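File shown: final11.pdb. Contents: PDB, C-alpha atoms, pLDDT in the B column.
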ATOM      1  CA  MET A  12       0.000   0.000   0.000  1.00 57.00           C
ATOM      2  CA  ARG A  13       1.379   3.438  -0.985  1.00 65.00           C
ATOM      3  CA  LYS A  14       1.656   6.176   1.563  1.00 66.00           C
ATOM      4  CA  PRO A  15       0.050   9.456   0.547  1.00 68.00           C
ATOM      5  CA  ASN A  16       2.593  12.065  -0.464  1.00 84.00           C
ATOM      6  CA  VAL A  17       2.129  14.824   2.122  1.00 83.00           C
ATOM      7  CA  HIS A  18       3.981  17.437   0.050  1.00 84.00           C
ATOM      8  CA  ALA A  19       1.818  16.761  -3.000  1.00 85.00           C
ATOM      9  CA  GLN A  20      -1.342  17.008  -0.916  1.00 87.00           C
ATOM     10  CA  LEU A  21      -0.221  20.281   0.675  1.00 87.00           C
ATOM     11  CA  SER A  22       0.675  21.666  -2.739  1.00 85.00           C
ATOM     12  CA  MET A  23      -2.749  20.735  -4.106  1.00 87.00           C
ATOM     13  CA  LEU A  24      -4.457  22.268  -1.063  1.00 88.00           C
ATOM     14  CA  ARG A  25      -2.460  25.491  -1.460  1.00 86.00           C
ATOM     15  CA  SER A  26      -3.346  25.603  -5.141  1.00 85.00           C
ATOM     16  CA  ARG A  27      -7.059  25.206  -4.434  1.00 89.00           C
ATOM     17  CA  LEU A  28      -7.009  27.779  -1.631  1.00 88.00           C
ATOM     18  CA  SER A  29      -5.204  30.219  -3.920  1.00 86.00           C
ATOM     19  CA  LEU A  30      -7.782  29.743  -6.651  1.00 87.00           C
ATOM     20  CA  TRP A  31     -10.785  30.154  -4.374  1.00 91.00           C
ATOM     21  CA  GLY A  32      -9.183  33.004  -2.442  1.00 89.00           C
ATOM     22  CA  GLY A  33      -8.429  34.858  -5.665  1.00 88.00           C
ATOM     23  CA  LEU A  34     -11.974  34.349  -6.922  1.00 91.00           C
ATOM     24  CA  ALA A  35     -13.404  35.489  -3.581  1.00 92.00           C
ATOM     25  CA  LEU A  36     -11.283  38.650  -3.737  1.00 91.00           C
ATOM     26  CA  LEU A  37     -12.483  39.356  -7.274  1.00 91.00           C
ATOM     27  CA  ALA A  38     -16.102  38.833  -6.177  1.00 94.00           C
ATOM     28  CA  LEU A  39     -15.604  41.209  -3.234  1.00 93.00           C
ATOM     29  CA  ILE A  40     -14.124  43.909  -5.474  1.00 92.00           C
ATOM     30  CA  CYS A  41     -17.045  43.522  -7.903  1.00 92.00           C
ATOM     31  CA  LEU A  42     -19.574  43.759  -5.080  1.00 94.00           C
ATOM     32  CA  MET A  43     -17.873  46.874  -3.722  1.00 92.00           C
ATOM     33  CA  TRP A  44     -18.048  48.436  -7.208  1.00 91.00           C
ATOM     34  CA  THR A  45     -21.803  47.818  -7.583  1.00 92.00           C
ATOM     35  CA  PRO A  46     -23.086  50.792  -5.496  1.00 92.00           C
ATOM     36  CA  PHE A  47     -20.793  53.185  -7.372  1.00 89.00           C
ATOM     37  CA  ALA A  48     -21.884  51.753 -10.706  1.00 89.00           C
ATOM     38  CA  LEU A  49     -25.547  52.214  -9.771  1.00 91.00           C
ATOM     39  CA  PHE A  50     -24.858  55.800  -8.711  1.00 91.00           C
ATOM     40  CA  LEU A  51     -23.097  56.541 -12.009  1.00 88.00           C
ATOM     41  CA  LEU A  52     -25.939  54.876 -13.883  1.00 88.00           C
ATOM     42  CA  ALA A  53     -28.418  57.239 -12.225  1.00 89.00           C
ATOM     43  CA  LEU A  54     -26.524  60.285 -13.540  1.00 87.00           C
ATOM     44  CA  PRO A  55     -27.355  61.710 -16.955  1.00 89.00           C
ATOM     45  CA  TYR A  56     -25.262  60.188 -19.724  1.00 86.00           C
ATOM     46  CA  SER A  57     -21.984  61.950 -20.478  1.00 84.00           C
ATOM     47  CA  ASP A  58     -18.487  61.107 -21.617  1.00 84.00           C
ATOM     48  CA  GLY A  59     -17.232  62.081 -18.171  1.00 85.00           C
ATOM     49  CA  ARG A  60     -19.450  59.500 -16.501  1.00 88.00           C
ATOM     50  CA  GLU A  61     -18.126  56.826 -18.832  1.00 87.00           C
ATOM     51  CA  LYS A  62     -14.499  57.842 -18.243  1.00 89.00           C
ATOM     52  CA  ILE A  63     -14.965  57.783 -14.464  1.00 89.00           C
ATOM     53  CA  GLY A  64     -16.530  54.323 -14.626  1.00 88.00           C
ATOM     54  CA  ARG A  65     -13.742  52.948 -16.798  1.00 88.00           C
ATOM     55  CA  ARG A  66     -11.072  54.499 -14.604  1.00 90.00           C
ATOM     56  CA  ILE A  67     -12.549  52.969 -11.448  1.00 91.00           C
ATOM     57  CA  ILE A  68     -12.844  49.550 -13.103  1.00 90.00           C
ATOM     58  CA  ARG A  69      -9.235  49.773 -14.330  1.00 89.00           C
ATOM     59  CA  LYS A  70      -7.968  50.790 -10.882  1.00 91.00           C
ATOM     60  CA  GLY A  71      -9.968  48.026  -9.184  1.00 91.00           C
ATOM     61  CA  PHE A  72      -8.634  45.356 -11.512  1.00 89.00           C
ATOM     62  CA  SER A  73      -5.120  46.749 -11.198  1.00 89.00           C
ATOM     63  CA  PHE A  74      -5.483  46.503  -7.408  1.00 91.00           C
ATOM     64  CA  TYR A  75      -6.683  42.893  -7.780  1.00 91.00           C
ATOM     65  CA  LEU A  76      -3.665  41.967  -9.912  1.00 89.00           C
ATOM     66  CA  SER A  77      -1.317  43.741  -7.479  1.00 90.00           C
ATOM     67  CA  VAL A  78      -2.714  41.763  -4.542  1.00 90.00           C
ATOM     68  CA  LEU A  79      -2.327  38.490  -6.445  1.00 88.00           C
ATOM     69  CA  GLN A  80       1.261  39.418  -7.341  1.00 88.00           C
ATOM     70  CA  GLY A  81       2.007  40.469  -3.762  1.00 88.00           C
ATOM     71  CA  LEU A  82       0.775  37.124  -2.468  1.00 86.00           C
ATOM     72  CA  GLY A  83       2.929  35.311  -5.004  1.00 84.00           C
ATOM     73  CA  LEU A  84      -0.068  33.852  -6.818  1.00 83.00           C
ATOM     74  CA  LEU A  85       0.588  35.654 -10.084  1.00 82.00           C
ATOM     75  CA  ASN A  86       3.655  36.609 -12.057  1.00 82.00           C
ATOM     76  CA  LEU A  87       2.684  39.315 -14.537  1.00 76.00           C
ATOM     77  CA  SER A  88       4.930  40.930 -17.094  1.00 75.00           C
ATOM     78  CA  ILE A  89       3.614  43.197 -19.842  1.00 72.00           C
ATOM     79  CA  ASP A  90       5.860  44.217 -22.717  1.00 75.00           C
ATOM     80  CA  ARG A  91       5.125  47.458 -24.566  1.00 73.00           C
ATOM     81  CA  TRP A  92       2.871  48.752 -21.782  1.00 72.00           C
ATOM     82  CA  GLU A  93       3.008  52.347 -23.013  1.00 75.00           C
ATOM     83  CA  SER A  94       1.741  51.423 -26.481  1.00 74.00           C
ATOM     84  CA  ILE A  95      -1.111  49.483 -24.889  1.00 72.00           C
ATOM     85  CA  ARG A  96      -2.062  52.409 -22.638  1.00 71.00           C
ATOM     86  CA  ALA A  97      -2.026  54.830 -25.582  1.00 74.00           C
ATOM     87  CA  SER A  98      -4.405  52.682 -27.657  1.00 74.00           C
ATOM     88  CA  GLN A  99      -8.204  52.720 -27.656  1.00 76.00           C
ATOM     89  CA  PRO A 100     -10.013  50.800 -24.890  1.00 73.00           C
ATOM     90  CA  SER A 101      -9.699  47.115 -25.644  1.00 71.00           C
ATOM     91  CA  ILE A 102      -9.694  43.643 -24.136  1.00 71.00           C
ATOM     92  CA  ILE A 103      -6.386  41.826 -24.234  1.00 68.00           C
ATOM     93  CA  ALA A 104      -6.430  38.084 -23.719  1.00 68.00           C
TER      94      ALA A 104
END

Go ahead and express the file in the form of structure tokens.
Amino acid sequence: MRKPNVHAQLSMLRSRLSLWGGLALLALICLMWTPFALFLLALPYSDGREKIGRRIIRKGFSFYLSVLQGLGLLNLSIDRWESIRASQPSIIA
């Protein structure tokens, strides 16, 4: 009978906790954004309202990525960041 590998089990547990912790953090950030989004939605439409909303979403997601990097759960490197920032709003996958 094989003995369970304790290191492998701990590694798998850490991996699962990291995944669920990261998703929980993302959910919390999204829930915190909801009241602000509803407030902005109640304002009359303007380009300023749209810019504020996008800026807050960008900052929130940047915060999320920073926390994941700080915890060692993510290693992120972006080449040509300035050309990406200068371009039109887009989704990069």

To one decimal place, how far is atom CA of Leu36 of chain A from atom CA of Leu82 of chain A in Å? 12.2 Å

Quick one, how far is atom CA of Leu84 of chain A from atom CA of Leu30 of chain A?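 About the pair atom CA of Leu84 of chain A and atom CA of Leu30 of chain A: they are 8.7 Å apart.
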
Give, as AutoDock Vina command-line options, the centre coordinates and the x, y and z edge lengths in Å to one decimal for an axis-aligned box around all listed atoms of segment 50-58 of chain A, padded by 4 Å on each side.
--center_x -23.5 --center_y 58.4 --center_z -15.2 --size_x 17.9 --size_y 15.1 --size_z 20.9

Going by the chain IDs and residue numbers used in this file, which residues fall under the PyMOL selection byres ((chain A and resi 79) around 12)? Write them as a list in words. Ser29, Leu30, Gly32, Gly33, Leu34, Ala35, Leu36, Leu37, Phe72, Ser73, Phe74, Tyr75, Leu76, Ser77, Val78, Gln80, Gly81, Leu82, Gly83, Leu84, Leu85, Asn86 and Leu87 of chain A

Hey, can you check how far atom CA of Glu61 of chain A sits from atom CA of Ile102 of chain A?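 Between atom CA of Glu61 of chain A and atom CA of Ile102 of chain A the gap works out to 16.5 Å.
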
Where atoms are lacking, segment 63-79 of chain A completed to N, CA and C atoms, as a PDB file, keeping the file's coordinate frame:
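Wrote it out as rebuild_25.pdb, contents follow:
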ATOM      1  N   ILE A  63     -15.104  58.064 -15.898  1.00 89.00           N
ATOM      2  CA  ILE A  63     -14.965  57.783 -14.464  1.00 89.00           C
ATOM      3  C   ILE A  63     -15.195  56.295 -14.201  1.00 89.00           C
ATOM      4  N   GLY A  64     -16.238  55.746 -14.803  1.00 88.00           N
ATOM      5  CA  GLY A  64     -16.530  54.323 -14.626  1.00 88.00           C
ATOM      6  C   GLY A  64     -15.388  53.444 -15.101  1.00 88.00           C
ATOM      7  N   ARG A  65     -14.864  53.737 -16.265  1.00 88.00           N
ATOM      8  CA  ARG A  65     -13.742  52.948 -16.798  1.00 88.00           C
ATOM      9  C   ARG A  65     -12.501  53.072 -15.925  1.00 88.00           C
ATOM     10  N   ARG A  66     -12.250  54.282 -15.442  1.00 90.00           N
ATOM     11  CA  ARG A  66     -11.072  54.499 -14.604  1.00 90.00           C
ATOM     12  C   ARG A  66     -11.181  53.699 -13.298  1.00 90.00           C
ATOM     13  N   ILE A  67     -12.362  53.708 -12.695  1.00 91.00           N
ATOM     14  CA  ILE A  67     -12.549  52.969 -11.448  1.00 91.00           C
ATOM     15  C   ILE A  67     -12.412  51.464 -11.690  1.00 91.00           C
ATOM     16  N   ILE A  68     -12.973  50.972 -12.782  1.00 90.00           N
ATOM     17  CA  ILE A  68     -12.844  49.550 -13.103  1.00 90.00           C
ATOM     18  C   ILE A  68     -11.382  49.192 -13.328  1.00 90.00           C
ATOM     19  N   ARG A  69     -10.658  50.031 -14.063  1.00 89.00           N
ATOM     20  CA  ARG A  69      -9.235  49.773 -14.330  1.00 89.00           C
ATOM     21  C   ARG A  69      -8.423  49.765 -13.036  1.00 89.00           C
ATOM     22  N   LYS A  70      -8.698  50.730 -12.156  1.00 91.00           N
ATOM     23  CA  LYS A  70      -7.968  50.790 -10.882  1.00 91.00           C
ATOM     24  C   LYS A  70      -8.299  49.582  -9.999  1.00 91.00           C
ATOM     25  N   GLY A  71      -9.568  49.183  -9.980  1.00 91.00           N
ATOM     26  CA  GLY A  71      -9.968  48.026  -9.184  1.00 91.00           C
ATOM     27  C   GLY A  71      -9.308  46.751  -9.670  1.00 91.00           C
ATOM     28  N   PHE A  72      -9.265  46.556 -10.982  1.00 89.00           N
ATOM     29  CA  PHE A  72      -8.634  45.356 -11.512  1.00 89.00           C
ATOM     30  C   PHE A  72      -7.125  45.408 -11.330  1.00 89.00           C
ATOM     31  N   SER A  73      -6.552  46.591 -11.446  1.00 89.00           N
ATOM     32  CA  SER A  73      -5.120  46.749 -11.198  1.00 89.00           C
ATOM     33  C   SER A  73      -4.794  46.403  -9.742  1.00 89.00           C
ATOM     34  N   PHE A  74      -5.649  46.841  -8.821  1.00 91.00           N
ATOM     35  CA  PHE A  74      -5.483  46.503  -7.408  1.00 91.00           C
ATOM     36  C   PHE A  74      -5.548  44.989  -7.216  1.00 91.00           C
ATOM     37  N   TYR A  75      -6.518  44.348  -7.864  1.00 91.00           N
ATOM     38  CA  TYR A  75      -6.683  42.893  -7.780  1.00 91.00           C
ATOM     39  C   TYR A  75      -5.416  42.181  -8.259  1.00 91.00           C
ATOM     40  N   LEU A  76      -4.885  42.589  -9.399  1.00 89.00           N
ATOM     41  CA  LEU A  76      -3.665  41.967  -9.912  1.00 89.00           C
ATOM     42  C   LEU A  76      -2.479  42.227  -8.991  1.00 89.00           C
ATOM     43  N   SER A  77      -2.405  43.419  -8.410  1.00 90.00           N
ATOM     44  CA  SER A  77      -1.317  43.741  -7.479  1.00 90.00           C
ATOM     45  C   SER A  77      -1.366  42.858  -6.237  1.00 90.00           C
ATOM     46  N   VAL A  78      -2.568  42.633  -5.722  1.00 90.00           N
ATOM     47  CA  VAL A  78      -2.714  41.763  -4.542  1.00 90.00           C
ATOM     48  C   VAL A  78      -2.283  40.342  -4.890  1.00 90.00           C
ATOM     49  N   LEU A  79      -2.720  39.841  -6.039  1.00 88.00           N
ATOM     50  CA  LEU A  79      -2.327  38.490  -6.445  1.00 88.00           C
ATOM     51  C   LEU A  79      -0.812  38.384  -6.619  1.00 88.00           C
TER      52      LEU A  79
END
